[in-house]
file protein-v8.cif (mmCIF, C-alpha atoms, pLDDT in the B column; chains and numbers go by the auth columns)
data_my_file
loop_
_atom_site.group_PDB
_atom_site.id
_atom_site.type_symbol
_atom_site.label_atom_id
_atom_site.label_comp_id
_atom_site.label_asym_id
_atom_site.label_seq_id
_atom_site.Cartn_x
_atom_site.Cartn_y
_atom_site.Cartn_z
_atom_site.B_iso_or_equiv
_atom_site.auth_seq_id
_atom_site.auth_asym_id
ATOM 1 C CA LYS A 1 157.386 233.380 172.826 56.00 1 A
ATOM 2 C CA ARG A 2 158.501 229.753 172.628 59.00 2 A
ATOM 3 C CA PHE A 3 156.941 227.298 170.154 55.00 3 A
ATOM 4 C CA ILE A 4 157.006 223.603 171.148 62.00 4 A
ATOM 5 C CA GLY A 5 157.110 221.126 168.272 62.00 5 A
ATOM 6 C CA PHE A 6 159.278 218.773 166.242 62.00 6 A
ATOM 7 C CA SER A 7 162.105 219.775 164.011 71.00 7 A
ATOM 8 C CA LEU A 8 162.288 218.416 160.462 69.00 8 A
ATOM 9 C CA SER A 9 165.187 216.122 161.377 74.00 9 A
ATOM 10 C CA GLU A 10 163.255 214.682 164.339 69.00 10 A
ATOM 11 C CA LEU A 11 160.210 214.062 162.142 71.00 11 A
ATOM 12 C CA LEU A 12 162.298 212.323 159.476 75.00 12 A
ATOM 13 C CA THR A 13 163.985 210.174 162.129 79.00 13 A
ATOM 14 C CA ALA A 14 160.610 209.109 163.540 76.00 14 A
ATOM 15 C CA MET A 15 159.307 208.279 160.074 79.00 15 A
ATOM 16 C CA ALA A 16 162.411 206.224 159.349 78.00 16 A
ATOM 17 C CA ILE A 17 161.957 204.226 162.563 82.00 17 A
ATOM 18 C CA ILE A 18 158.285 203.599 161.760 79.00 18 A
ATOM 19 C CA GLY A 19 159.266 202.485 158.249 76.00 19 A
ATOM 20 C CA ILE A 20 161.824 200.008 159.576 79.00 20 A
ATOM 21 C CA ILE A 21 159.339 198.554 162.061 76.00 21 A
ATOM 22 C CA ALA A 22 156.698 198.244 159.329 68.00 22 A
ATOM 23 C CA ALA A 23 159.171 196.559 156.969 70.00 23 A
ATOM 24 C CA LEU A 24 159.962 193.994 159.652 68.00 24 A
ATOM 25 C CA THR A 25 156.442 193.262 160.855 67.00 25 A
ATOM 26 C CA VAL A 26 154.032 193.747 157.932 59.00 26 A
ATOM 27 C CA PRO A 27 155.374 190.863 155.782 66.00 27 A
ATOM 28 C CA ASN A 28 155.047 188.490 158.747 64.00 28 A
ATOM 29 C CA LEU A 29 151.502 189.662 159.401 59.00 29 A
ATOM 30 C CA VAL A 30 150.580 189.201 155.728 60.00 30 A
ATOM 31 C CA THR A 31 152.141 185.723 155.644 68.00 31 A
ATOM 32 C CA SER A 32 150.342 184.728 158.843 71.00 32 A
ATOM 33 C CA TYR A 33 147.032 185.978 157.445 72.00 33 A
ATOM 34 C CA GLN A 34 147.532 184.110 154.158 83.00 34 A
ATOM 35 C CA ARG A 35 148.358 180.869 155.939 86.00 35 A
ATOM 36 C CA GLN A 36 145.377 181.096 158.247 85.00 36 A
ATOM 37 C CA SER A 37 143.159 181.816 155.236 91.00 37 A
ATOM 38 C CA MET A 38 144.393 178.539 153.708 95.00 38 A
ATOM 39 C CA VAL A 39 143.605 176.712 156.938 96.00 39 A
ATOM 40 C CA THR A 40 140.105 178.207 157.029 95.00 40 A
ATOM 41 C CA LEU A 41 139.463 176.924 153.493 96.00 41 A
ATOM 42 C CA LEU A 42 140.796 173.487 154.444 97.00 42 A
ATOM 43 C CA GLN A 43 138.602 173.344 157.541 97.00 43 A
ATOM 44 C CA LYS A 44 135.565 174.293 155.473 97.00 44 A
ATOM 45 C CA THR A 45 136.390 171.529 152.963 97.00 45 A
ATOM 46 C CA TYR A 46 136.910 169.023 155.792 98.00 46 A
ATOM 47 C CA LEU A 47 133.559 169.869 157.401 97.00 47 A
ATOM 48 C CA GLU A 48 131.714 169.716 154.076 97.00 48 A
ATOM 49 C CA LEU A 49 133.275 166.351 153.245 98.00 49 A
ATOM 50 C CA GLY A 50 132.327 165.039 156.683 97.00 50 A
ATOM 51 C CA GLN A 51 128.730 166.137 156.185 97.00 51 A
ATOM 52 C CA ASN A 52 128.567 164.521 152.757 96.00 52 A
ATOM 53 C CA LEU A 53 130.057 161.297 154.095 97.00 53 A
ATOM 54 C CA THR A 54 127.402 161.220 156.814 96.00 54 A
ATOM 55 C CA ILE A 55 124.678 161.653 154.193 95.00 55 A
ATOM 56 C CA LEU A 56 126.247 158.959 152.001 94.00 56 A
ATOM 57 C CA HIS A 57 126.461 156.576 154.954 94.00 57 A
ATOM 58 C CA THR A 58 122.844 157.241 155.905 93.00 58 A
ATOM 59 C CA GLU A 59 121.502 156.875 152.389 90.00 59 A
ATOM 60 C CA GLN A 60 123.412 153.640 151.807 85.00 60 A
ATOM 61 C CA TYR A 61 122.710 152.186 155.239 83.00 61 A
ATOM 62 C CA ASN A 62 122.146 148.714 153.766 86.00 62 A
ATOM 63 C CA LYS A 63 125.598 148.711 152.136 90.00 63 A
ATOM 64 C CA THR A 64 129.025 148.300 153.682 93.00 64 A
ATOM 65 C CA PHE A 65 131.736 150.910 153.211 95.00 65 A
ATOM 66 C CA TYR A 66 133.258 148.714 150.518 93.00 66 A
ATOM 67 C CA GLN A 67 129.988 148.652 148.596 94.00 67 A
ATOM 68 C CA SER A 68 129.691 152.437 148.709 94.00 68 A
ATOM 69 C CA LEU A 69 130.904 155.022 146.203 94.00 69 A
ATOM 70 C CA LEU A 70 134.147 155.276 148.171 97.00 70 A
ATOM 71 C CA SER A 71 135.498 151.864 147.163 97.00 71 A
ATOM 72 C CA LEU A 72 136.346 150.311 143.806 96.00 72 A
ATOM 73 C CA GLN A 73 135.603 146.612 144.345 93.00 73 A
ATOM 74 C CA GLY A 74 136.005 145.893 140.638 94.00 74 A
ATOM 75 C CA ARG A 75 134.280 149.100 139.516 96.00 75 A
ATOM 76 C CA THR A 76 135.782 152.110 137.762 97.00 76 A
ATOM 77 C CA VAL A 77 136.798 155.412 139.329 97.00 77 A
ATOM 78 C CA ALA A 78 134.077 157.150 137.306 96.00 78 A
ATOM 79 C CA ASN A 79 131.444 154.771 138.697 94.00 79 A
ATOM 80 C CA THR A 80 132.529 155.309 142.307 95.00 80 A
ATOM 81 C CA ALA A 81 134.322 158.565 143.160 97.00 81 A
ATOM 82 C CA GLY A 82 132.933 160.188 140.016 96.00 82 A
ATOM 83 C CA LYS A 83 129.365 159.479 141.064 95.00 83 A
ATOM 84 C CA PHE A 84 130.114 160.752 144.560 96.00 84 A
ATOM 85 C CA PHE A 85 131.105 164.113 143.083 96.00 85 A
ATOM 86 C CA ILE A 86 128.817 164.576 140.091 93.00 86 A
ATOM 87 C CA GLY A 87 126.130 161.879 140.399 89.00 87 A
ATOM 88 C CA ASP A 88 124.263 160.140 137.591 80.00 88 A
ATOM 89 C CA ALA A 89 120.732 159.010 136.761 74.00 89 A
ATOM 90 C CA ASN A 90 120.628 156.823 139.889 76.00 90 A
ATOM 91 C CA ASN A 91 122.836 158.823 142.258 75.00 91 A
ATOM 92 C CA LYS A 92 122.461 162.469 143.164 83.00 92 A
ATOM 93 C CA PRO A 93 125.691 164.483 143.399 89.00 93 A
ATOM 94 C CA TYR A 94 127.057 165.266 146.836 93.00 94 A
ATOM 95 C CA TYR A 95 128.837 168.411 145.622 95.00 95 A
ATOM 96 C CA ASN A 96 128.306 171.492 143.493 94.00 96 A
ATOM 97 C CA ILE A 97 131.066 171.229 140.912 96.00 97 A
ATOM 98 C CA LEU A 98 132.715 174.166 139.157 97.00 98 A
ATOM 99 C CA LYS A 99 135.028 172.111 136.912 97.00 99 A
ATOM 100 C CA ASP A 100 135.091 168.376 136.147 97.00 100 A
ATOM 101 C CA CYS A 101 138.576 167.095 135.240 98.00 101 A
ATOM 102 C CA GLU A 102 137.557 163.413 135.553 97.00 102 A
ATOM 103 C CA THR A 103 140.661 161.204 135.923 97.00 103 A
ATOM 104 C CA THR A 104 143.178 163.858 134.872 97.00 104 A
ATOM 105 C CA ALA A 105 144.531 166.167 137.561 98.00 105 A
ATOM 106 C CA GLN A 106 145.137 169.186 135.348 97.00 106 A
ATOM 107 C CA PRO A 107 143.747 171.810 135.030 97.00 107 A
ATOM 108 C CA CYS A 108 141.998 171.262 138.377 98.00 108 A
ATOM 109 C CA PHE A 109 145.354 171.024 140.163 98.00 109 A
ATOM 110 C CA ALA A 110 148.683 172.715 139.503 98.00 110 A
ATOM 111 C CA ALA A 111 151.149 170.818 137.341 98.00 111 A
ATOM 112 C CA SER A 112 153.643 170.498 140.211 98.00 112 A
ATOM 113 C CA TYR A 113 154.030 171.152 143.929 98.00 113 A
ATOM 114 C CA SER A 114 156.984 171.976 146.177 98.00 114 A
ATOM 115 C CA ASN A 115 157.621 171.080 149.792 98.00 115 A
ATOM 116 C CA ILE A 116 157.836 173.544 152.686 97.00 116 A
ATOM 117 C CA ASN A 117 161.594 172.969 153.020 96.00 117 A
ATOM 118 C CA GLY A 118 162.033 174.166 149.426 94.00 118 A
ATOM 119 C CA THR A 119 164.175 171.136 148.626 96.00 119 A
ATOM 120 C CA SER A 120 161.882 169.326 146.203 96.00 120 A
ATOM 121 C CA THR A 121 159.343 170.018 143.463 98.00 121 A
ATOM 122 C CA GLN A 122 157.377 167.152 141.938 98.00 122 A
ATOM 123 C CA ALA A 123 154.834 166.810 139.143 98.00 123 A
ATOM 124 C CA PHE A 124 151.341 166.063 140.416 98.00 124 A
ATOM 125 C CA THR A 125 149.078 163.429 138.906 97.00 125 A
ATOM 126 C CA CYS A 126 145.970 161.809 140.308 96.00 126 A
ATOM 127 C CA ASN A 127 144.987 159.536 137.426 90.00 127 A
ATOM 128 C CA ASP A 128 143.853 156.796 139.813 95.00 128 A
ATOM 129 C CA GLY A 129 141.320 159.168 141.360 98.00 129 A
ATOM 130 C CA TYR A 130 138.539 161.519 140.258 98.00 130 A
ATOM 131 C CA ASN A 131 139.439 165.215 140.014 98.00 131 A
ATOM 132 C CA VAL A 132 137.138 168.225 140.378 98.00 132 A
ATOM 133 C CA ILE A 133 137.107 171.855 141.401 98.00 133 A
ATOM 134 C CA LEU A 134 134.326 172.565 143.864 97.00 134 A
ATOM 135 C CA LYS A 135 132.128 175.635 143.706 95.00 135 A
ATOM 136 C CA SER A 136 134.283 177.114 146.484 95.00 136 A
ATOM 137 C CA GLY A 137 137.331 176.971 144.180 97.00 137 A
ATOM 138 C CA THR A 138 138.944 174.088 146.080 98.00 138 A
ATOM 139 C CA ALA A 139 140.380 171.230 144.011 98.00 139 A
ATOM 140 C CA MET A 140 139.769 167.671 145.216 98.00 140 A
ATOM 141 C CA CYS A 141 140.912 164.293 143.986 98.00 141 A
ATOM 142 C CA LEU A 142 139.257 161.237 145.554 98.00 142 A
ATOM 143 C CA ILE A 143 141.018 157.905 145.109 98.00 143 A
ATOM 144 C CA PRO A 144 138.580 155.117 146.076 98.00 144 A
ATOM 145 C CA ALA A 145 139.540 152.455 148.599 97.00 145 A
ATOM 146 C CA ASP A 146 141.023 149.344 147.014 95.00 146 A
ATOM 147 C CA GLY A 147 142.970 146.286 148.071 89.00 147 A
ATOM 148 C CA GLY A 148 142.689 147.027 151.793 88.00 148 A
ATOM 149 C CA ASN A 149 143.848 150.643 151.381 94.00 149 A
ATOM 150 C CA PRO A 150 141.487 153.367 152.626 97.00 150 A
ATOM 151 C CA ALA A 151 140.092 156.004 150.292 98.00 151 A
ATOM 152 C CA LYS A 152 142.623 158.800 149.748 98.00 152 A
ATOM 153 C CA VAL A 153 141.925 162.497 149.210 98.00 153 A
ATOM 154 C CA HIS A 154 144.150 165.250 147.821 98.00 154 A
ATOM 155 C CA VAL A 155 142.961 168.812 148.421 98.00 155 A
ATOM 156 C CA ASP A 156 144.364 172.069 147.057 98.00 156 A
ATOM 157 C CA VAL A 157 142.332 174.659 148.911 98.00 157 A
ATOM 158 C CA ASN A 158 142.628 177.314 146.179 96.00 158 A
ATOM 159 C CA GLY A 159 142.807 175.104 143.113 97.00 159 A
ATOM 160 C CA PRO A 160 145.764 175.513 140.749 97.00 160 A
ATOM 161 C CA ASP A 161 146.644 178.978 142.097 96.00 161 A
ATOM 162 C CA GLY A 162 149.811 179.424 144.153 92.00 162 A
ATOM 163 C CA PRO A 163 151.669 178.934 146.347 96.00 163 A
ATOM 164 C CA ASN A 164 151.319 175.227 145.381 98.00 164 A
ATOM 165 C CA ILE A 165 153.228 173.954 148.398 98.00 165 A
ATOM 166 C CA GLY A 166 152.486 170.778 150.308 98.00 166 A
ATOM 167 C CA GLY A 167 151.267 171.685 153.785 97.00 167 A
ATOM 168 C CA ARG A 168 150.368 175.248 152.792 97.00 168 A
ATOM 169 C CA ASP A 169 147.609 174.935 150.196 97.00 169 A
ATOM 170 C CA MET A 170 147.972 171.221 149.283 98.00 170 A
ATOM 171 C CA PHE A 171 146.987 168.504 151.786 98.00 171 A
ATOM 172 C CA THR A 172 146.456 164.741 151.755 98.00 172 A
ATOM 173 C CA PHE A 173 144.274 162.686 154.093 98.00 173 A
ATOM 174 C CA TYR A 174 142.263 159.452 154.182 98.00 174 A
ATOM 175 C CA ILE A 175 138.690 158.191 154.618 98.00 175 A
ATOM 176 C CA TYR A 176 138.346 155.066 156.743 97.00 176 A
ATOM 177 C CA ASP A 177 135.657 152.398 156.795 95.00 177 A
ATOM 178 C CA ASP A 178 133.747 154.137 159.578 95.00 178 A
ATOM 179 C CA TYR A 179 133.627 157.214 157.298 96.00 179 A
ATOM 180 C CA SER A 180 136.058 159.101 159.536 96.00 180 A
ATOM 181 C CA ILE A 181 138.685 161.438 158.023 98.00 181 A
ATOM 182 C CA ASP A 182 142.257 161.393 159.267 98.00 182 A
ATOM 183 C CA GLU A 183 145.931 160.996 158.460 97.00 183 A
ATOM 184 C CA LYS A 184 147.660 157.993 156.937 94.00 184 A
ATOM 185 C CA ASP A 185 147.452 154.936 159.231 94.00 185 A
ATOM 186 C CA ILE A 186 145.453 156.857 161.867 96.00 186 A
ATOM 187 C CA THR A 187 142.733 154.221 161.916 95.00 187 A
ATOM 188 C CA PRO A 188 139.470 154.408 163.903 94.00 188 A
ATOM 189 C CA ASN A 189 140.954 152.063 166.518 94.00 189 A
ATOM 190 C CA LYS A 190 143.763 154.538 167.214 95.00 190 A
ATOM 191 C CA ILE A 191 141.167 157.241 167.809 93.00 191 A
ATOM 192 C CA LYS A 192 139.396 154.969 170.285 94.00 192 A
ATOM 193 C CA ASN A 193 142.512 153.933 172.210 95.00 193 A
ATOM 194 C CA GLY A 194 143.844 157.497 172.472 94.00 194 A
ATOM 195 C CA THR A 195 147.070 157.104 170.485 96.00 195 A
ATOM 196 C CA ALA A 196 146.012 159.177 167.469 97.00 196 A
ATOM 197 C CA GLU A 197 147.328 162.559 168.650 97.00 197 A
ATOM 198 C CA ALA A 198 150.829 161.280 169.368 97.00 198 A
ATOM 199 C CA GLU A 199 150.974 159.401 166.068 97.00 199 A
ATOM 200 C CA ARG A 200 149.831 162.483 164.147 98.00 200 A
ATOM 201 C CA ASN A 201 152.712 164.422 165.704 97.00 201 A
ATOM 202 C CA THR A 202 155.155 161.680 164.759 97.00 202 A
ATOM 203 C CA LEU A 203 153.845 161.636 161.189 97.00 203 A
ATOM 204 C CA PHE A 204 154.194 165.414 161.043 98.00 204 A
ATOM 205 C CA ASN A 205 157.808 165.260 162.196 97.00 205 A
ATOM 206 C CA ASN A 206 158.630 162.522 159.703 97.00 206 A
ATOM 207 C CA SER A 207 156.748 163.762 156.661 97.00 207 A
ATOM 208 C CA CYS A 208 155.110 167.196 156.553 98.00 208 A
ATOM 209 C CA LEU A 209 157.968 169.580 155.841 97.00 209 A
ATOM 210 C CA ALA A 210 159.426 167.321 153.139 97.00 210 A
ATOM 211 C CA SER A 211 156.177 166.273 151.445 98.00 211 A
ATOM 212 C CA THR A 212 155.090 167.966 148.215 98.00 212 A
ATOM 213 C CA ILE A 213 151.510 166.742 148.776 98.00 213 A
ATOM 214 C CA GLY A 214 151.230 167.723 152.434 97.00 214 A
ATOM 215 C CA GLU A 215 151.235 164.262 153.996 97.00 215 A
ATOM 216 C CA GLY A 216 151.534 164.574 157.761 97.00 216 A
ATOM 217 C CA CYS A 217 150.427 168.227 157.824 98.00 217 A
ATOM 218 C CA PHE A 218 146.671 167.690 158.086 98.00 218 A
ATOM 219 C CA GLY A 219 146.978 165.774 161.367 97.00 219 A
ATOM 220 C CA LYS A 220 149.082 168.547 162.887 97.00 220 A
ATOM 221 C CA LEU A 221 146.279 171.008 162.139 97.00 221 A
ATOM 222 C CA LEU A 222 143.769 168.663 163.800 97.00 222 A
ATOM 223 C CA ASN A 223 145.987 168.430 166.876 97.00 223 A
ATOM 224 C CA ASN A 224 146.534 172.212 167.020 96.00 224 A
ATOM 225 C CA ASN A 225 142.877 173.220 166.651 95.00 225 A
ATOM 226 C CA TRP A 226 143.346 174.390 163.055 96.00 226 A
ATOM 227 C CA GLN A 227 146.332 176.650 163.717 94.00 227 A
ATOM 228 C CA MET A 228 149.166 176.548 161.171 95.00 228 A
ATOM 229 C CA ASN A 229 152.077 177.149 163.534 90.00 229 A
ATOM 230 C CA TYR A 230 154.684 175.299 161.491 92.00 230 A
#
call {"tool": "encode", "arguments": {"input": "protein-v8.cif", "output": "structure tokens"}}
result
Amino acid sequence: KRFIGFSLSELLTAMAIIGIIAALTVPNLVTSYQRQSMVTLLQKTYLELGQNLTILHTEQYNKTFYQSLLSLQGRTVANTAGKFFIGDANNKPYYNILKDCETTAQPCFAASYSNINGTSTQAFTCNDGYNVILKSGTAMCLIPADGGNPAKVHVDVNGPDGPNIGGRDMFTFYIYDDYSIDEKDITPNKIKNGTAEAERNTLFNNSCLASTIGEGCFGKLLNNNWQMNY
């Protein structure tokens, strides 16, 4: 009688091939999953901020953008961005806050961030803004508009935890006077005249991979329907 099967050497060879394939593919799959998880957290933060800005705009309908909690106009950060996050006796909070770091970035944010290229690491401070960790675990620093500059937002989607790389878990974007959220210099007029997408791509090429705070990366995600393919 003949018995059909695999010899021990054939089985070991097959297992070795499977191991090599797994070693080549699994790390890439894990990295891709981790990156998309970061993007999902960023998208959630973006949508929540947009909703809160809509509520703020509606509730302060008789005030201009520069009279809102998003602009200094001679006031302090605590009396503008701080009230937007945590509220006071006259203003309800727009967020559920896990940790309030006020005008000091740490411990809400990591002490330093690197760029995607791996060529630079810089200390992170946001003393001119208001720093919190949201209930979701995301760190945000809101720098109110001042002197013609739009309000600026830094977001680390998983707080001070790693990887602490601009464009991976750290991103920077802006709030304009129509309460829209976009990249640096992507003003509402550029959205209306159809030049925003091309300018976001240009900003990405010029800034994202070298930025320790993720400038230029957020717009690329908007253009690519929230896919981190860089």
call {"tool": "resolve_selection", "arguments": {"input": "protein-v8.cif", "expression": "the PyMOL selection byres ((chain A and resi 151) around 9)", "output": "ChimeraX atom specification"}}
result
/A:70-71,142-146,149-150,152-153,173-177
call {"tool": "resolve_selection", "arguments": {"input": "protein-v8.cif", "expression": "the PyMOL selection byres ((chain A and resi 213) around 12)", "output": "MDAnalysis selection string"}}
result
chainID A and resid 109:110 112:116 120:126 141 152:156 164:173 207:212 214:218
call {"tool": "write_last_selection", "arguments": {"input": "protein-v8.cif", "atoms": "C-alpha atoms", "output": "PDB file, keeping the file's coordinate frame"}}
result
ATOM      1  CA  PHE A 109     145.354 171.024 140.163  1.00 98.00           C
ATOM      2  CA  ALA A 110     148.683 172.715 139.503  1.00 98.00           C
ATOM      3  CA  SER A 112     153.643 170.498 140.211  1.00 98.00           C
ATOM      4  CA  TYR A 113     154.030 171.152 143.929  1.00 98.00           C
ATOM      5  CA  SER A 114     156.984 171.976 146.177  1.00 98.00           C
ATOM      6  CA  ASN A 115     157.621 171.080 149.792  1.00 98.00           C
ATOM      7  CA  ILE A 116     157.836 173.544 152.686  1.00 97.00           C
ATOM      8  CA  SER A 120     161.882 169.326 146.203  1.00 96.00           C
ATOM      9  CA  THR A 121     159.343 170.018 143.463  1.00 98.00           C
ATOM     10  CA  GLN A 122     157.377 167.152 141.938  1.00 98.00           C
ATOM     11  CA  ALA A 123     154.834 166.810 139.143  1.00 98.00           C
ATOM     12  CA  PHE A 124     151.341 166.063 140.416  1.00 98.00           C
ATOM     13  CA  THR A 125     149.078 163.429 138.906  1.00 97.00           C
ATOM     14  CA  CYS A 126     145.970 161.809 140.308  1.00 96.00           C
ATOM     15  CA  CYS A 141     140.912 164.293 143.986  1.00 98.00           C
ATOM     16  CA  LYS A 152     142.623 158.800 149.748  1.00 98.00           C
ATOM     17  CA  VAL A 153     141.925 162.497 149.210  1.00 98.00           C
ATOM     18  CA  HIS A 154     144.150 165.250 147.821  1.00 98.00           C
ATOM     19  CA  VAL A 155     142.961 168.812 148.421  1.00 98.00           C
ATOM     20  CA  ASP A 156     144.364 172.069 147.057  1.00 98.00           C
ATOM     21  CA  ASN A 164     151.319 175.227 145.381  1.00 98.00           C
ATOM     22  CA  ILE A 165     153.228 173.954 148.398  1.00 98.00           C
ATOM     23  CA  GLY A 166     152.486 170.778 150.308  1.00 98.00           C
ATOM     24  CA  GLY A 167     151.267 171.685 153.785  1.00 97.00           C
ATOM     25  CA  ARG A 168     150.368 175.248 152.792  1.00 97.00           C
ATOM     26  CA  ASP A 169     147.609 174.935 150.196  1.00 97.00           C
ATOM     27  CA  MET A 170     147.972 171.221 149.283  1.00 98.00           C
ATOM     28  CA  PHE A 171     146.987 168.504 151.786  1.00 98.00           C
ATOM     29  CA  THR A 172     146.456 164.741 151.755  1.00 98.00           C
ATOM     30  CA  PHE A 173     144.274 162.686 154.093  1.00 98.00           C
ATOM     31  CA  SER A 207     156.748 163.762 156.661  1.00 97.00           C
ATOM     32  CA  CYS A 208     155.110 167.196 156.553  1.00 98.00           C
ATOM     33  CA  LEU A 209     157.968 169.580 155.841  1.00 97.00           C
ATOM     34  CA  ALA A 210     159.426 167.321 153.139  1.00 97.00           C
ATOM     35  CA  SER A 211     156.177 166.273 151.445  1.00 98.00           C
ATOM     36  CA  THR A 212     155.090 167.966 148.215  1.00 98.00           C
ATOM     37  CA  GLY A 214     151.230 167.723 152.434  1.00 97.00           C
ATOM     38  CA  GLU A 215     151.235 164.262 153.996  1.00 97.00           C
ATOM     39  CA  GLY A 216     151.534 164.574 157.761  1.00 97.00           C
ATOM     40  CA  CYS A 217     150.427 168.227 157.824  1.00 98.00           C
ATOM     41  CA  PHE A 218     146.671 167.690 158.086  1.00 98.00           C
TER      42      PHE A 218
END
call {"tool": "residues_around", "arguments": {"input": "protein-v8.cif", "residues": "region 195-202 of chain A", "least_positions_apart": "3", "cutoff": "9 Å", "atoms": "only C-alpha atoms", "output": "list in words"}}
result
Glu183, Lys184, Asp185, Ile186, Thr187, Pro188, Asn189, Lys190, Ile191, Lys192, Asn205, Asn206, Ser207, Gly216, Cys217, Phe218, Gly219, Lys220, Leu222 and Asn223 of chain A
call {"tool": "closest_atom_pairs", "arguments": {"input": "protein-v8.cif", "of": "region 156-195 of chain A", "to": "region 49-61 of chain A", "cutoff": "8 Å", "atoms": "only C-alpha atoms", "output": "CSV"}}
result
residue,atom,partner,partner_atom,distance
A:Tyr179,CA,A:Leu53,CA,6.3
A:Ser180,CA,A:Gly50,CA,7.6
A:Ile181,CA,A:Gly50,CA,7.4
call {"tool": "resolve_selection", "arguments": {"input": "protein-v8.cif", "expression": "the PyMOL selection byres ((chain A and resi 103) around 10)", "output": "VMD selection string"}}
result
chain A and resid 77 to 78 81 to 82 100 to 102 104 to 106 125 to 132 141 to 143
call {"tool": "residues_around", "arguments": {"input": "protein-v8.cif", "residues": "Leu98 (chain A)", "least_positions_apart": "2", "cutoff": "6 Å", "atoms": "all atoms listed in the file", "output": "JSON, numbers by chain"}}
result
{"A": [133, 134, 135]}
call {"tool": "residues_near_point", "arguments": {"input": "protein-v8.cif", "point": "(151.5, 177.4, 162.3)", "cutoff": "12 Å", "atoms": "all atoms listed in the file", "output": "JSON, numbers by chain"}}
result
{"A": [31, 32, 33, 34, 35, 36, 37, 38, 39, 167, 168, 217, 218, 220, 221, 222, 223, 224, 225, 226, 227, 228, 229, 230]}
call {"tool": "atom_distance", "arguments": {"input": "protein-v8.cif", "atom1": "CA of Leu203 (chain A)", "atom2": "CA of Leu72 (chain A)"}}
result
27.1 Å
call {"tool": "atom_distance", "arguments": {"input": "protein-v8.cif", "atom1": "CA of Gln67 (chain A)", "atom2": "CA of Asp182 (chain A)"}}
result
20.7 Å
call {"tool": "atom_distance", "arguments": {"input": "protein-v8.cif", "atom1": "CA of Ser68 (chain A)", "atom2": "CA of Lys83 (chain A)"}}
result
10.4 Å
call {"tool": "residues_around", "arguments": {"input": "protein-v8.cif", "residues": "Val157 (chain A)", "least_positions_apart": "4", "cutoff": "6 Å", "atoms": "all atoms listed in the file", "output": "list in words"}}
result
Leu41, Leu42, Thr138 and Asp169 of chain A
call {"tool": "write_last_selection", "arguments": {"input": "protein-v8.cif", "atoms": "C-alpha atoms", "output": "CSV table (one decimal), in the coordinates of the input"}}
result
chain,number,residue,atom,x,y,z
A,41,LEU,CA,139.5,176.9,153.5
A,42,LEU,CA,140.8,173.5,154.4
A,138,THR,CA,138.9,174.1,146.1
A,169,ASP,CA,147.6,174.9,150.2
call {"tool": "axis_aligned_box", "arguments": {"input": "protein-v8.cif", "around": "region 137-147 of chain A", "padding_each_side": "5 Å", "output": "AutoDock Vina command-line options"}}
result
--center_x 140.2 --center_y 161.6 --center_z 146.3 --size_x 15.6 --size_y 40.7 --size_z 14.6
